[in-house]
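A short worksheet on the structure shown next.
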Amino acid sequence: MSSASVILIIEDDPVLGPALVQRLRLEGYRPRLAATGAEALREAGALRPDAVISDIRLPDMSGEEIYRRLMAGFGAMPAFFMTAFGEVAQAVRLVRAGARDYLTKPVDVDRLMAALGAALASPAVTSDVESMPQLGVSRAMAAIEATLRKAARVDMPVVLMGETGVGKEVAARFLHAVSARASQPFIAVNCAAIPRDLAESTLFGHERGAFTGAVARMTGVAERAGTGTLLLDEIAELSADLQAKLLRLVQERRFLPVGATAERPFSARIICATHADLAARVQEGRFREDLFYRLNVLSVTIPPLRQRPEDVPGLAMRLLAETLARFGIGPRRLSAAALDALRAYDWPGNVRELRNRIERGVALSEAEELTPADLFPEHALEPPPDPQEASLGDALDMAARQAIEEALRRAEGNRGEAARLLGVSRTTLWKRMRDLGLSA
């Protein structure tokens, strides 16, 4: 840590702001205090700070907006955010976007000073914000993130493919956030959920009197997206006539609202998402070939969660923080056994199922620590074995224990490999290990 490090504090609280200035001076830093976002940006332009400490909520703009402007203008720098408990979800988004940490109020100043010193001393601090992983720590998701960052630099359609609930919209929002359109609208529409008779007006809008019940003009999603991003989820479910009109939107960058006499320009970026095999739909005659080639400039397949178990703990903790913030519930944490159970599960419902299990566990548990029983109550309710079969059951359990221990030994503790050697799923292996009392 350099004694000359400049720390920009963005805080409008008349007590907390000056208190932080005083403490930072005692620690040997050069603090500068700004009470608004505009003042902070001016200060940052006058002298580039080495780190930023900011409130989430300010009089003129959010901490998130300030952070993104600072990153765009000055590159990455250690950033710490102070937040009320109800704003934790936004703070989590900032950490995923590259911020170092967030602290809930009242702020533990000693913890903040320790984290600040470590951040400034760390060689990991880099001017390249693109090196910070946001979609996941697995090799597969790191590669997808790198691809999306490159795609963000140029204006071309992207098709996101993957199983239901795998996180295609999350990837689309990430692509939008790292592009030059980040400050513009992000509009998502599920093509499979639009009633057929309202699909065209939902996409392109309609004029007053265009049809029975059209008592007022309606703006469609193509217009509402402006110069931002339009996500068309479940694109494979569009009807043939709408596929033709979407082709014109993509090809000519223009659209005609229902009942209108003049076309309007389309300026947004299109991202499509689907769990279907679009190429197979083309072969079957269910999806237009010309539209497929117009949209499929870049296709990215997001792997299911069961193929990237290393991403599960981070996702679970982020979803837990977001759930607590949304429910307004006090602190909760995941036990070590709960994290083991989450890693071992096969996740047929992918990230969506993970979110549902976290939300249910938080809603129904009274304890501060969530256990496997909170996340997988169906396992906790399995009936006990018949006492009359205890002797046979004991023998089977002993044989199962020996087989599992041998497989784990051969796999050097890797449960995925052990499950493969045993010819069972990771979920089955985890359940048997739990039933037998075998440690992770």
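Residues are named by chain letter and number: chains run A, B, ... in the order of the structure tokens, numbers start at 1 in each chain, and ligands are numbered from 1 in the order shown.
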
Would you tabulate, counting only C-alpha atoms, all residues of range 135-221 of chain A that have an atom at most 9 Å from an atom of range 306-319 of chain A, showing the closest pair of atoms and their distance in Å to one decimal, sorted by chain then ascending number, as CSV?
```
residue,atom,partner,partner_atom,distance
A:Leu135,CA,A:Asp311,CA,8.8
A:Gly136,CA,A:Asp311,CA,5.5
A:Val137,CA,A:Asp311,CA,5.8
A:Ser138,CA,A:Asp311,CA,5.9
A:Arg139,CA,A:Arg308,CA,8.4
A:Ala140,CA,A:Arg308,CA,7.6
A:Met141,CA,A:Arg308,CA,8.4
```

Resulting file, chosen residues, C-alpha atoms, as a JSON list (two decimals), in the first residue's frame:
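Just written: result-v4.json:
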```json
[["chain", "number", "residue", "atom", "x", "y", "z"],
["A", 135, "LEU", "CA", -20.90, -15.69, -15.53],
["A", 136, "GLY", "CA", -19.13, -18.46, -13.64],
["A", 137, "VAL", "CA", -15.78, -19.90, -12.61],
["A", 138, "SER", "CA", -15.96, -23.06, -14.71],
["A", 139, "ARG", "CA", -13.85, -23.31, -17.82],
["A", 140, "ALA", "CA", -16.95, -23.58, -20.00],
["A", 141, "MET", "CA", -18.56, -20.41, -18.63]]
```

Pick from A:Ala146, A:Ile404, A:Ala244, A:Val166 nearest to Pro348 in chain A, counting only C-alpha atoms: A:Val166

Shortest interatomic distance to Ala367 in chain A - which of A:Pro331, A:Arg401, A:Leu26, A:Val258, counting only C-alpha atoms: A:Pro331

Contacts of Ile194 in chain A within 12 Å, only C-alpha atoms, excl. fewer than 3 positions in-chain, as an NGL selection string: :A and (189-191 or 197-203 or 232-235 or 237-239 or 242)

Residues near Leu429 in chain A, cut-off 9 Å, only C-alpha atoms, skip fewer than 5 positions along chain, as a PyMOL selection string: chain A and resi 344+404+415-416+418-419+422+424+434

DSSP strand (DSSP E or B) selection over range 286-395 of chain A, as JSON, numbers by chain: {"A": [298, 299, 300, 301, 333, 334, 369, 370]}

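Restricting the calculation to only C-alpha atoms, the smallest distance between Asn296 in chain A and any of A:Ile271, A:Met398, A:Leu364, A:Leu112 is found for A:Ile271.
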
DSSP helix (DSSP H, G or I) residues within range 119-310 of chain A, listed as a VMD selection string: chain A and resid 119 to 121 129 to 131 139 to 151 168 to 177 191 to 193 196 to 204 221 to 224 235 to 237 240 to 252 278 to 283 289 to 295 305 to 307 309 to 310
